[in-house]
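Text of my_file-v4.cif, listed as mmCIF, C-alpha atoms:
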data_target
loop_
_atom_site.label_atom_id
_atom_site.label_comp_id
_atom_site.auth_asym_id
_atom_site.auth_seq_id
_atom_site.Cartn_x
_atom_site.Cartn_y
_atom_site.Cartn_z
CA MET W 1 -6.72 0.01 -17.90
CA VAL W 2 -4.13 0.80 -15.25
CA SER W 3 -2.53 -1.96 -13.27
CA ASP W 4 -3.06 -2.64 -9.57
CA GLN W 5 0.42 -1.30 -8.85
CA LYS W 6 -0.42 2.01 -10.50
CA ARG W 7 -3.67 2.21 -8.56
CA LEU W 8 -1.82 1.51 -5.32
CA GLY W 9 0.71 4.18 -6.25
CA ALA W 10 -2.05 6.67 -7.05
CA GLN W 11 -3.71 6.21 -3.69
CA ASP W 12 -0.51 7.47 -2.02
CA ASP W 13 -1.02 10.79 -3.85
CA PRO W 14 -2.14 13.36 -1.24
CA ALA W 15 -4.48 14.94 -3.80
CA ILE W 16 -6.20 11.60 -4.42
CA THR W 17 -6.44 10.96 -0.69
CA ALA W 18 -8.00 14.38 -0.09
CA GLU W 19 -10.46 13.90 -2.95
CA VAL W 20 -11.52 10.49 -1.61
CA GLU W 21 -12.19 11.92 1.84
CA ARG W 22 -14.06 14.89 0.35
CA LEU W 23 -16.34 12.64 -1.72
CA LEU W 24 -17.03 10.28 1.18
CA ALA W 25 -18.04 13.26 3.31
CA ARG W 26 -20.84 14.02 0.85
CA ARG W 27 -24.27 12.44 0.73
CA THR W 28 -24.26 9.30 -1.39
CA ARG W 29 -26.52 10.79 -4.05
CA ASP W 30 -24.18 13.76 -4.44
CA ILE W 31 -21.08 11.74 -5.30
CA ARG W 32 -19.62 12.81 -8.64
CA PHE W 33 -16.36 11.54 -10.05
CA SER W 34 -14.00 13.63 -12.15
CA GLY W 35 -10.36 13.82 -13.11
CA GLU W 36 -7.99 11.17 -11.77
CA ILE W 37 -10.61 9.55 -9.52
CA GLU W 38 -12.86 8.96 -12.51
CA ARG W 39 -9.96 7.51 -14.52
CA LEU W 40 -9.07 5.14 -11.68
CA PHE W 41 -12.69 4.04 -11.32
CA ARG W 42 -13.05 3.36 -15.04
CA ALA W 43 -9.85 1.37 -14.96
CA ARG W 44 -11.15 -0.58 -11.97
CA VAL W 45 -14.49 -1.57 -13.53
CA TRP W 46 -13.49 -1.77 -17.19
CA SER W 47 -12.84 -5.51 -17.29
CA GLN W 48 -16.18 -6.45 -15.78
CA THR W 49 -18.09 -3.90 -17.86
CA ALA W 50 -16.43 -5.10 -21.08
CA LYS W 51 -17.27 -8.75 -20.31
CA ILE W 52 -20.93 -7.86 -19.70
CA ILE W 53 -21.17 -5.82 -22.90
CA ARG W 54 -19.55 -8.55 -25.00
CA ALA W 55 -21.75 -11.27 -23.49
CA TRP W 56 -24.91 -9.18 -23.98
CA MET W 57 -24.00 -8.47 -27.59
CA MET W 58 -23.37 -12.12 -28.39
CA TRP W 59 -26.67 -13.19 -26.85
CA VAL W 60 -28.49 -10.56 -28.90
CA ALA W 61 -26.86 -11.93 -32.05
CA VAL W 62 -27.76 -15.52 -31.12
CA LEU W 63 -31.38 -14.60 -30.35
CA ASP W 64 -31.61 -12.63 -33.59
CA VAL W 65 -30.47 -15.61 -35.66
CA LEU W 66 -32.74 -18.04 -33.79
CA THR W 67 -35.73 -15.70 -34.15
CA LEU W 68 -35.21 -15.25 -37.88
CA ALA W 69 -34.83 -19.01 -38.31
CA LEU W 70 -38.06 -19.59 -36.39
CA TYR W 71 -39.87 -17.01 -38.50
CA MET W 72 -38.71 -18.81 -41.65
CA VAL W 73 -40.38 -21.96 -40.34
CA ILE W 74 -43.67 -20.67 -38.97
CA LEU W 75 -44.45 -17.58 -41.09
CA PRO W 76 -45.43 -17.25 -44.71
CA ARG W 77 -42.35 -17.10 -46.90
CA ALA W 78 -42.98 -13.56 -48.14
CA ILE W 79 -43.23 -12.15 -44.62
CA ALA W 80 -40.24 -14.13 -43.36
CA VAL W 81 -38.05 -13.05 -46.28
CA SER W 82 -38.92 -9.38 -45.66
CA MET W 83 -37.52 -9.75 -42.17
CA LEU W 84 -34.20 -11.22 -43.23
CA LEU W 85 -32.49 -8.10 -44.59
CA PRO W 86 -33.09 -5.81 -41.58
CA GLY W 87 -32.42 -8.73 -39.21
CA ALA W 88 -29.09 -9.39 -40.90
CA ILE W 89 -27.79 -6.03 -39.61
CA ILE W 90 -27.29 -7.32 -36.06
CA PRO W 91 -24.54 -10.01 -36.41
CA PRO W 92 -21.90 -7.81 -38.09
CA VAL W 93 -22.68 -4.94 -35.73
CA VAL W 94 -22.24 -7.26 -32.73
CA ILE W 95 -18.91 -8.50 -34.09
CA ALA W 96 -17.67 -4.92 -34.50
CA VAL W 97 -18.67 -3.92 -30.95
CA VAL W 98 -17.20 -7.09 -29.42
CA LEU W 99 -13.89 -6.46 -31.18
CA ALA W 100 -13.85 -2.84 -30.01
CA TRP W 101 -14.38 -3.96 -26.41
CA ARG W 102 -11.88 -6.81 -26.33
CA LYS W 103 -9.20 -4.63 -24.77
CA PRO W 104 -9.05 -1.15 -23.24
CA ARG W 105 -9.22 1.66 -25.76
CA PRO W 106 -9.77 5.43 -25.42
CA SER W 107 -13.25 6.46 -24.28
CA TRP W 108 -13.70 8.62 -27.37
CA LEU W 109 -13.47 5.43 -29.43
CA GLN W 110 -15.32 2.89 -27.30
CA GLY W 111 -18.17 5.22 -26.34
CA PRO W 112 -19.26 6.13 -29.88
CA THR W 113 -18.70 2.51 -30.99
CA LEU W 114 -21.07 1.21 -28.33
CA ILE W 115 -23.67 3.91 -28.95
CA ALA W 116 -23.56 3.40 -32.73
CA GLY W 117 -23.78 -0.35 -32.26
CA MET W 118 -26.78 -0.02 -29.96
CA PHE W 119 -28.49 2.33 -32.42
CA LEU W 120 -28.06 -0.13 -35.30
CA ILE W 121 -29.25 -3.06 -33.16
CA LEU W 122 -32.36 -1.15 -32.05
CA LEU W 123 -32.98 0.01 -35.61
CA SER W 124 -32.65 -3.56 -36.85
CA VAL W 125 -35.18 -4.86 -34.32
CA ALA W 126 -37.64 -2.11 -35.22
CA LEU W 127 -37.21 -2.57 -39.01
CA VAL W 128 -37.87 -6.32 -38.72
CA GLY W 129 -41.33 -5.54 -37.36
CA VAL W 130 -41.94 -2.61 -39.71
CA SER W 131 -41.00 -4.77 -42.72
CA ALA W 132 -43.37 -7.54 -41.68
CA GLY W 133 -46.20 -5.15 -40.78
CA GLY W 134 -49.38 -6.13 -38.98
CA GLU W 135 -49.06 -7.43 -35.49
CA PHE W 136 -45.25 -7.57 -35.84
CA TYR W 137 -45.06 -3.77 -36.20
CA GLU W 138 -46.14 -2.95 -32.65
CA ARG W 139 -44.58 -6.11 -31.18
CA HIS W 140 -41.07 -5.41 -32.46
CA LEU W 141 -41.17 -1.78 -31.35
CA ASN W 142 -41.92 -3.03 -27.84
CA ILE W 143 -39.13 -5.62 -28.18
CA MET W 144 -36.79 -2.81 -29.24
CA LEU W 145 -37.57 -0.90 -26.03
CA PHE W 146 -37.08 -4.06 -23.99
CA VAL W 147 -33.68 -4.57 -25.59
CA ALA W 148 -32.73 -0.98 -24.79
CA ILE W 149 -33.90 -1.27 -21.19
CA THR W 150 -31.90 -4.46 -20.56
CA ALA W 151 -28.80 -2.72 -21.90
CA ILE W 152 -29.41 0.32 -19.70
CA ILE W 153 -29.80 -1.86 -16.62
CA ILE W 154 -26.70 -4.03 -16.98
CA PHE W 155 -24.22 -1.75 -18.78
CA GLY W 156 -22.01 0.00 -16.20
CA ILE W 157 -21.19 2.85 -18.54
CA PRO W 158 -21.06 6.66 -18.07
CA LEU W 159 -24.42 8.34 -17.54
CA ALA W 160 -24.09 10.36 -20.74
CA TRP W 161 -23.77 7.16 -22.78
CA THR W 162 -26.77 5.63 -21.03
CA VAL W 163 -28.94 8.69 -21.65
CA THR W 164 -27.90 8.75 -25.32
CA ILE W 165 -28.92 5.10 -25.80
CA ALA W 166 -32.24 5.76 -24.06
CA ALA W 167 -32.91 8.82 -26.20
CA LEU W 168 -32.15 6.89 -29.39
CA ALA W 169 -34.51 4.09 -28.37
CA LEU W 170 -37.36 6.46 -27.53
CA GLY W 171 -36.72 8.50 -30.66
CA LEU W 172 -36.91 5.41 -32.89
CA TYR W 173 -40.04 4.28 -31.09
CA LEU W 174 -41.77 7.65 -31.58
CA ILE W 175 -40.74 7.95 -35.25
CA PHE W 176 -42.00 4.50 -36.18
CA GLN W 177 -45.17 4.83 -34.12
CA LEU W 178 -45.98 8.09 -35.86
CA GLN W 179 -45.77 6.12 -39.13
CA ASN W 180 -47.82 3.22 -37.78
CA PRO W 181 -51.09 3.12 -39.75
CA ALA W 182 -52.77 1.10 -37.01
CA ILE W 183 -52.73 3.85 -34.34
CA GLU W 184 -53.53 7.54 -34.18
CA LEU W 185 -51.11 10.40 -33.47
CA GLY W 186 -52.31 10.85 -29.90
CA SER W 187 -51.91 7.17 -29.15
CA ALA W 188 -48.36 7.19 -30.55
CA VAL W 189 -47.38 10.16 -28.37
CA ALA W 190 -49.10 8.72 -25.30
CA ALA W 191 -47.36 5.37 -25.73
CA THR W 192 -44.01 7.11 -26.15
CA LEU W 193 -44.54 9.13 -22.97
CA PHE W 194 -45.58 6.00 -21.10
CA PHE W 195 -42.48 4.11 -22.12
CA ALA W 196 -40.35 7.21 -21.53
CA SER W 197 -41.37 7.22 -17.87
CA GLY W 198 -40.26 3.60 -17.55
CA VAL W 199 -36.97 4.29 -19.33
CA LEU W 200 -36.29 7.31 -17.11
CA ALA W 201 -36.94 5.19 -14.01
CA THR W 202 -34.51 2.62 -15.35
CA ILE W 203 -31.87 5.30 -15.92
CA ALA W 204 -32.38 6.53 -12.36
CA ALA W 205 -31.95 2.99 -11.04
CA ARG W 206 -28.83 2.55 -13.14
CA ARG W 207 -27.48 5.84 -11.78
CA ILE W 208 -28.05 4.69 -8.20
CA MET W 209 -26.23 1.43 -8.95
CA THR W 210 -23.32 3.39 -10.39
CA ILE W 211 -23.16 5.75 -7.40
CA LEU W 212 -23.15 2.80 -5.00
CA ALA W 213 -20.37 1.18 -7.03
CA GLN W 214 -18.43 4.45 -6.93
CA LYS W 215 -18.88 4.75 -3.17
CA THR W 216 -17.67 1.17 -2.74
CA PHE W 217 -14.63 2.08 -4.84
CA LEU W 218 -13.96 5.10 -2.61
CA PHE W 219 -14.10 2.89 0.47
CA GLU W 220 -11.75 0.47 -1.26
CA LEU W 221 -9.25 3.25 -2.00
CA ARG W 222 -9.44 4.54 1.55
CA ASP W 223 -9.16 1.07 3.10
CA ARG W 224 -6.20 0.17 0.88
CA ARG W 225 -4.47 3.38 1.85
CA ARG W 226 -5.11 2.71 5.53
CA VAL W 227 -3.92 -0.89 5.20
CA ALA W 228 -0.81 0.35 3.39
CA GLU W 229 -0.19 2.91 6.14
CA LEU W 230 -0.68 0.22 8.78
CA ALA W 231 1.70 -2.10 6.94
CA LYS W 232 4.30 0.66 6.77
CA ALA W 233 3.86 1.38 10.47
CA ASN W 234 4.21 -2.31 11.30
CA ALA W 235 7.30 -2.52 9.10
CA ARG W 236 8.80 0.45 10.92
CA LEU W 237 8.02 -1.13 14.28
CA GLU W 238 9.51 -4.43 13.12
CA LEU W 239 12.60 -2.61 11.92
CA LEU W 240 12.90 -0.81 15.25
CA ALA W 241 12.48 -4.11 17.09
CA ARG W 242 15.35 -5.62 15.09
CA THR W 243 17.65 -2.60 14.99
CA ASP W 244 20.03 -1.27 17.61
CA PRO W 245 18.83 2.29 18.20
CA LEU W 246 22.33 3.68 18.81
CA THR W 247 24.42 2.20 15.99
CA GLY W 248 21.64 1.55 13.46
CA ILE W 249 22.83 -2.01 12.81
CA ALA W 250 20.98 -5.19 13.69
CA ASN W 251 20.43 -6.07 17.33
CA ARG W 252 20.74 -9.35 19.18
CA ARG W 253 17.18 -10.42 18.44
CA TRP W 254 17.66 -10.03 14.69
CA MET W 255 20.95 -11.92 14.81
CA THR W 256 19.31 -14.79 16.69
CA GLU W 257 16.64 -15.05 14.00
CA THR W 258 19.31 -14.89 11.29
CA LEU W 259 21.26 -17.70 12.89
CA ASP W 260 18.14 -19.86 13.11
CA HIS W 261 17.45 -19.20 9.45
CA LEU W 262 21.01 -19.96 8.31
CA TRP W 263 21.30 -23.16 10.31
CA GLY W 264 17.79 -24.46 9.66
CA ASN W 265 16.00 -27.25 11.49
CA ASP W 266 18.86 -29.73 11.27
CA LYS W 267 21.26 -27.32 13.03
CA ARG W 268 23.67 -27.45 10.13
CA CYS W 269 24.88 -24.52 8.04
CA LEU W 270 25.02 -26.17 4.64
CA ASP W 271 27.71 -23.88 3.19
CA GLY W 272 29.65 -23.51 6.40
CA ALA W 273 30.07 -20.25 8.29
CA ALA W 274 32.43 -18.28 10.49
CA MET W 275 31.47 -16.34 13.58
CA LEU W 276 33.44 -13.32 14.81
CA MET W 277 32.93 -12.09 18.36
CA CYS W 278 34.34 -8.55 18.57
CA ASP W 279 34.84 -6.65 21.81
CA ILE W 280 36.18 -3.13 22.35
CA ASP W 281 39.17 -3.25 24.67
CA HIS W 282 38.83 -1.38 27.99
CA PHE W 283 35.58 0.26 26.86
CA LYS W 284 34.58 1.00 30.46
CA LYS W 285 37.75 3.07 30.91
CA LEU W 286 36.87 5.04 27.77
CA ASN W 287 33.50 5.93 29.31
CA ASP W 288 35.15 6.79 32.63
CA HIS W 289 37.73 9.12 31.06
CA LEU W 290 35.82 10.69 28.14
CA GLY W 291 32.18 10.31 29.15
CA HIS W 292 29.30 8.25 27.85
CA ALA W 293 28.63 10.55 24.90
CA GLU W 294 32.10 9.85 23.54
CA GLY W 295 31.57 6.17 24.30
CA ASP W 296 28.38 6.17 22.26
CA ARG W 297 30.17 7.88 19.37
CA CYS W 298 32.86 5.22 19.57
CA LEU W 299 30.27 2.44 19.33
CA VAL W 300 28.68 4.06 16.28
CA GLU W 301 32.01 4.44 14.51
CA VAL W 302 33.18 0.90 15.31
CA ALA W 303 29.88 -0.48 14.00
CA ARG W 304 30.38 1.50 10.81
CA ILE W 305 33.91 0.24 10.33
CA ILE W 306 32.88 -3.37 10.85
CA GLN W 307 30.13 -3.04 8.26
CA GLU W 308 32.55 -1.48 5.79
CA ASN W 309 34.88 -4.47 6.05
CA VAL W 310 32.36 -7.25 5.36
CA ARG W 311 30.31 -8.22 2.32
CA ARG W 312 27.07 -6.27 2.54
CA ASP W 313 25.12 -8.76 0.45
CA HIS W 314 26.32 -11.89 2.29
CA ASP W 315 27.57 -11.14 5.80
CA HIS W 316 25.64 -10.14 8.91
CA VAL W 317 26.66 -7.70 11.65
CA ALA W 318 24.86 -7.08 14.94
CA ARG W 319 25.48 -5.32 18.18
CA TYR W 320 25.33 -8.23 20.56
CA GLY W 321 25.97 -6.56 23.90
CA GLY W 322 27.20 -3.31 25.37
CA GLU W 323 30.50 -3.12 23.48
CA GLU W 324 30.30 -6.49 21.74
CA PHE W 325 29.59 -7.06 18.06
CA LEU W 326 28.80 -10.38 16.42
CA VAL W 327 29.66 -10.98 12.77
CA ILE W 328 28.48 -13.95 10.68
CA LEU W 329 30.43 -14.80 7.52
CA PRO W 330 28.57 -17.52 5.59
CA GLY W 331 30.54 -19.76 3.24
CA VAL W 332 34.10 -18.87 4.36
CA ASN W 333 36.95 -21.02 5.63
CA GLU W 334 39.33 -20.40 8.54
CA GLU W 335 41.88 -18.46 6.51
CA GLU W 336 39.25 -16.15 5.02
CA ALA W 337 37.58 -15.60 8.38
CA VAL W 338 40.86 -14.65 10.09
CA PHE W 339 41.70 -12.32 7.18
CA VAL W 340 38.39 -10.47 7.56
CA ALA W 341 38.81 -10.29 11.35
CA GLU W 342 42.32 -8.85 11.00
CA ARG W 343 41.08 -6.31 8.49
CA ILE W 344 38.39 -5.18 10.92
CA ARG W 345 40.86 -4.99 13.83
CA LYS W 346 43.41 -2.98 11.85
CA SER W 347 40.76 -0.61 10.50
CA VAL W 348 39.47 0.17 13.99
CA GLU W 349 42.99 0.75 15.29
CA ALA W 350 43.86 2.92 12.28
CA ALA W 351 40.80 5.10 12.85
CA GLY W 352 42.59 6.54 15.88
CA PHE W 353 39.63 6.98 18.24
CA PRO W 354 41.06 8.05 21.63
CA ASN W 355 40.93 5.76 24.66
CA PRO W 356 43.27 7.35 27.20
CA GLY W 357 42.41 4.83 29.91
CA SER W 358 43.30 1.75 27.90
CA ARG W 359 46.32 -0.28 29.03
CA VAL W 360 46.74 -1.62 25.47
CA SER W 361 46.94 1.56 23.42
CA ARG W 362 46.02 5.22 23.59
CA ARG W 363 43.61 4.45 20.75
CA VAL W 364 40.50 2.30 20.59
CA THR W 365 41.31 -1.34 19.76
CA LEU W 366 39.38 -4.56 19.24
CA SER W 367 39.86 -8.10 20.41
CA ILE W 368 38.22 -10.66 18.12
CA GLY W 369 37.50 -14.34 18.64
CA VAL W 370 36.91 -16.43 15.54
CA ALA W 371 35.14 -19.79 15.24
CA VAL W 372 34.48 -21.65 12.00
CA GLN W 373 32.03 -24.41 11.12
CA THR W 374 32.60 -26.38 7.95
CA SER W 375 29.74 -27.68 5.83
CA GLU W 376 30.47 -31.23 7.05
CA GLU W 377 30.15 -30.36 10.74
CA ALA W 378 26.88 -30.42 12.66
CA ILE W 379 27.48 -27.60 15.13
CA SER W 380 24.61 -25.51 16.44
CA PRO W 381 24.92 -21.72 16.33
CA GLU W 382 24.98 -21.71 20.13
CA GLN W 383 27.99 -24.03 20.11
CA LEU W 384 29.75 -21.94 17.46
CA GLN W 385 29.10 -18.82 19.49
CA ARG W 386 30.58 -20.42 22.61
CA GLN W 387 33.67 -21.28 20.58
CA ALA W 388 34.00 -17.71 19.29
CA ASP W 389 33.44 -16.41 22.80
CA ALA W 390 36.14 -18.72 24.15
CA ALA W 391 38.57 -17.50 21.47
CA LEU W 392 37.72 -13.90 22.37
CA TYR W 393 38.39 -14.64 26.04
CA LEU W 394 41.81 -16.06 25.19
CA ALA W 395 42.58 -13.04 22.97
CA LYS W 396 41.92 -10.78 25.95
CA GLN W 397 43.92 -12.97 28.28
CA THR W 398 46.94 -12.87 25.98
CA GLY W 399 47.16 -9.12 25.60
CA ARG W 400 44.07 -7.82 23.70
CA ASN W 401 44.06 -6.01 20.32
CA ARG W 402 44.41 -9.28 18.46
CA VAL W 403 42.51 -11.95 16.54
CA LEU W 404 42.49 -15.57 17.76
CA LEU W 405 40.98 -18.57 16.02
CA HIS W 406 39.28 -21.13 18.19
CA ARG W 407 41.09 -24.46 18.53
CA PRO W 408 39.45 -27.50 20.19
CA ASP W 409 42.41 -28.03 22.53
CA SER W 410 42.92 -24.36 23.41
CA ALA W 411 43.45 -23.43 27.01
CA GLU W 412 40.45 -21.20 27.29
CA ARG W 413 38.19 -24.19 27.76
CA LYS W 414 39.70 -24.66 31.19
CA HIS W 415 38.67 -21.26 32.52
CA SER W 416 35.44 -20.67 34.37
CA GLU W 417 32.77 -18.19 33.37
CA SER W 418 33.55 -16.02 36.36
CA THR W 419 37.18 -15.68 35.37
CA ARG W 420 36.09 -14.79 31.85
CA SER W 421 33.84 -12.00 33.11
CA ALA W 422 36.64 -10.61 35.29
CA ALA W 423 39.05 -10.58 32.35
CA ARG W 424 36.60 -8.57 30.25
CA ARG W 425 36.35 -5.97 32.94
#
Will you turn the file into structure tokens for me?
Amino acid sequence: MVSDQKRLGAQDDPAITAEVERLLARRTRDIRFSGEIERLFRARVWSQTAKIIRAWMMWVAVLDVLTLALYMVILPRAIAVSMLLPGAIIPPVVIAVVLAWRKPRPSWLQGPTLIAGMFLILLSVALVGVSAGGEFYERHLNIMLFVAITAIIIFGIPLAWTVTIAALALGLYLIFQLQNPAIELGSAVAATLFFASGVLATIAARRIMTILAQKTFLFELRDRRRVAELAKANARLELLARTDPLTGIANRRWMTETLDHLWGNDKRCLDGAAMLMCDIDHFKKLNDHLGHAEGDRCLVEVARIIQENVRRDHDHVARYGGEEFLVILPGVNEEEAVFVAERIRKSVEAAGFPNPGSRVSRRVTLSIGVAVQTSEEAISPEQLQRQADAALYLAKQTGRNRVLLHRPDSAERKHSESTRSAARR
């Protein structure tokens, strides 16, 4: 039996998908499984089929023992004893079949085991009546057919197996009826034909049940594939909603969600964190001198450099504004945060991207404001961001292309928001 993961993987196979659609386009009665579809269906229904077969077998064994015990009580001893030997065939046969169907095995093994087991069970039921003779002869042949019909109805097995069991039951019935001294040849044949019509109708009903189960399985495969495709589409949309389309890194929305997750409901980052607000110096002049296409390329390259200088499995980088990038460094102190910020600044400057309009350098440079929250402090992410933003403002005011760490008594707290915006321009 294949696992659910393998089934889900198989339904992504274009050949399986095409076969499912082809079968569903047919009339229900014309559905026929083969190849991989048949293997998947058998794997899907095996557990339930095996449970039914094992339960049916055990009930047959229990009823056999109870019947023989009852016969020992109510029948003459000679007749009852004659029934014991053929009746004793059933329990060991049932045990063998139950063991064979306890776990998935190859069809070439389980099919013949089930058919052989059914043959011996039917033979045992018939021989019990034949051994006793009289009224038990005809009665047990009818019981044998009833046993076969119940198996045909409830066993969800391949049609070939079902037909084989039915043929064995009818064959045993005809053979023993031809030897029945109480009826004539014509009556034996007529009775066999009568019961054959009922058995054939039962097989047809079983076939319809199987086809309906197969069609349900096809719908299940198709619906799972469609749900998987929808999930993938939703995941892509979610990724697009959280990703900056130009640089490919996270956008402001994703960073906001990340901050909420890191800080939690009590607005405290348990391991502490540092926030880096990075801004490209004189980015507007770069666009004015080299064009927006070169400006976009600059943004992409700066985003790449920032990502290369942080821990991919711990830190978070997002494009926060036009030329601003926000970096979160969980679990670092002030010294570590400044070290990372300096590494980013130096790497951008060393890359040598041209910015002929900059008053700082002929190359692209970064100004970075750093703010740090320790694990003991209860500072909201909004407060930490304001601190990083204030440090960035002071870095720009004092010459750009530098890293400044926020200090509570720093002069930038005295400046208005309008002055800050003018400085950035």
Which residue, W:Arg54, W:Arg400, W:His140, W:His314, has the smallest gap to Leu123 (chain W) when you use all atoms listed in the file?
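The closest residue to Leu123 (chain W) is W:His140.
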Suppose you want the space between CA of Ala371 (chain W) and CA of Ala395 (chain W); what is it in Å?
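CA of Ala395 (chain W) lies 12.7 Å from CA of Ala371 (chain W).
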Evaluate the PyMOL selection byres ((chain W and resi 13-29) around 10) and report residues as a PyMOL selection string
chain W and resi 8-12+30-37+207-208+211-212+214-219+221-222+225
Can you tell me how far CA of Asp64 (chain W) sits from CA of Ile90 (chain W), in Å to one decimal?
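According to the coordinates, CA of Asp64 (chain W) and CA of Ile90 (chain W) are separated by 7.3 Å.
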For a test of reading the model, state the distance in Å between CA of Arg44 (chain W) and CA of Val163 (chain W), rounded to one decimal.
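A separation of 22.3 Å between them.
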Starting from the displayed file, determine the output of the PyMOL selection byres ((chain W and resi 136) around 12) and express the residue list as an mmCIF file with C-alpha atoms, keeping the file's coordinate frame.
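Listing of out-v7.cif after writing:
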data_model
loop_
_atom_site.group_PDB
_atom_site.id
_atom_site.type_symbol
_atom_site.label_atom_id
_atom_site.label_comp_id
_atom_site.auth_asym_id
_atom_site.auth_seq_id
_atom_site.Cartn_x
_atom_site.Cartn_y
_atom_site.Cartn_z
ATOM 1 C CA TYR W 71 -39.870 -17.010 -38.500
ATOM 2 C CA LEU W 75 -44.450 -17.580 -41.090
ATOM 3 C CA ILE W 79 -43.230 -12.150 -44.620
ATOM 4 C CA ALA W 80 -40.240 -14.130 -43.360
ATOM 5 C CA SER W 82 -38.920 -9.380 -45.660
ATOM 6 C CA MET W 83 -37.520 -9.750 -42.170
ATOM 7 C CA VAL W 125 -35.180 -4.860 -34.320
ATOM 8 C CA ALA W 126 -37.640 -2.110 -35.220
ATOM 9 C CA LEU W 127 -37.210 -2.570 -39.010
ATOM 10 C CA VAL W 128 -37.870 -6.320 -38.720
ATOM 11 C CA GLY W 129 -41.330 -5.540 -37.360
ATOM 12 C CA VAL W 130 -41.940 -2.610 -39.710
ATOM 13 C CA SER W 131 -41.000 -4.770 -42.720
ATOM 14 C CA ALA W 132 -43.370 -7.540 -41.680
ATOM 15 C CA GLY W 133 -46.200 -5.150 -40.780
ATOM 16 C CA GLY W 134 -49.380 -6.130 -38.980
ATOM 17 C CA GLU W 135 -49.060 -7.430 -35.490
ATOM 18 C CA TYR W 137 -45.060 -3.770 -36.200
ATOM 19 C CA GLU W 138 -46.140 -2.950 -32.650
ATOM 20 C CA ARG W 139 -44.580 -6.110 -31.180
ATOM 21 C CA HIS W 140 -41.070 -5.410 -32.460
ATOM 22 C CA LEU W 141 -41.170 -1.780 -31.350
ATOM 23 C CA ASN W 142 -41.920 -3.030 -27.840
ATOM 24 C CA ILE W 143 -39.130 -5.620 -28.180
ATOM 25 C CA MET W 144 -36.790 -2.810 -29.240
ATOM 26 C CA ASN W 180 -47.820 3.220 -37.780
ATOM 27 C CA ALA W 182 -52.770 1.100 -37.010
#
Run the PyMOL selection byres ((chain W and resi 325-341) around 6) on the file and write out the hits as a list in words.
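Going through the file, the PyMOL selection byres ((chain W and resi 325-341) around 6) ends up selecting Asp271, Gly272, Ala273, Ala274, Met275, Leu276, Met277, Cys278, Asp315, His316, Val317, Ala318, Arg319, Tyr320, Glu324, Glu342, Arg343 and Ile344 of chain W.
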Now that the selection is made, can you save its residues with C-alpha atoms as a PDB file, in the coordinates of the input?
ATOM      1  CA  ASP W 271      27.710 -23.880   3.190  1.00  0.00           C
ATOM      2  CA  GLY W 272      29.650 -23.510   6.400  1.00  0.00           C
ATOM      3  CA  ALA W 273      30.070 -20.250   8.290  1.00  0.00           C
ATOM      4  CA  ALA W 274      32.430 -18.280  10.490  1.00  0.00           C
ATOM      5  CA  MET W 275      31.470 -16.340  13.580  1.00  0.00           C
ATOM      6  CA  LEU W 276      33.440 -13.320  14.810  1.00  0.00           C
ATOM      7  CA  MET W 277      32.930 -12.090  18.360  1.00  0.00           C
ATOM      8  CA  CYS W 278      34.340  -8.550  18.570  1.00  0.00           C
ATOM      9  CA  ASP W 315      27.570 -11.140   5.800  1.00  0.00           C
ATOM     10  CA  HIS W 316      25.640 -10.140   8.910  1.00  0.00           C
ATOM     11  CA  VAL W 317      26.660  -7.700  11.650  1.00  0.00           C
ATOM     12  CA  ALA W 318      24.860  -7.080  14.940  1.00  0.00           C
ATOM     13  CA  ARG W 319      25.480  -5.320  18.180  1.00  0.00           C
ATOM     14  CA  TYR W 320      25.330  -8.230  20.560  1.00  0.00           C
ATOM     15  CA  GLU W 324      30.300  -6.490  21.740  1.00  0.00           C
ATOM     16  CA  GLU W 342      42.320  -8.850  11.000  1.00  0.00           C
ATOM     17  CA  ARG W 343      41.080  -6.310   8.490  1.00  0.00           C
ATOM     18  CA  ILE W 344      38.390  -5.180  10.920  1.00  0.00           C
TER      19      ILE W 344
END
Set the distance at 10 Å and use all atoms listed in the file: which residues neighbour Arg253 (chain W) once local chain neighbours fewer than 3 positions away are removed? I'd like the list as a short mmCIF file (atom, residue, chain, number, x, y, z; two decimals) with C-alpha atoms, in the frame of the given file.
data_model
loop_
_atom_site.label_atom_id
_atom_site.label_comp_id
_atom_site.auth_asym_id
_atom_site.auth_seq_id
_atom_site.Cartn_x
_atom_site.Cartn_y
_atom_site.Cartn_z
CA ALA W 241 12.48 -4.11 17.09
CA ARG W 242 15.35 -5.62 15.09
CA THR W 243 17.65 -2.60 14.99
CA ASP W 244 20.03 -1.27 17.61
CA ALA W 250 20.98 -5.19 13.69
CA THR W 256 19.31 -14.79 16.69
CA GLU W 257 16.64 -15.05 14.00
CA THR W 258 19.31 -14.89 11.29
CA ALA W 318 24.86 -7.08 14.94
CA ARG W 319 25.48 -5.32 18.18
CA TYR W 320 25.33 -8.23 20.56
#
Close residues, region 376-382 of chain W itself excluded, 10 Å, only C-alpha atoms, min 2 positions apart in chain, as a VMD selection string
chain W and resid 256 259 to 260 262 to 264 266 to 273 275 372 to 374 384 to 388
Counting all atoms listed in the file, what is within 10 Å of Ala350 (chain W), bar same-chain residues fewer than 6 positions away, as a ChimeraX atom specification?
/W:344,363-365
Atoms kept (C-alpha atoms) for selection, written as a CSV table (one decimal), keeping the file's coordinate frame:
chain,number,residue,atom,x,y,z
W,344,ILE,CA,38.4,-5.2,10.9
W,363,ARG,CA,43.6,4.4,20.8
W,364,VAL,CA,40.5,2.3,20.6
W,365,THR,CA,41.3,-1.3,19.8
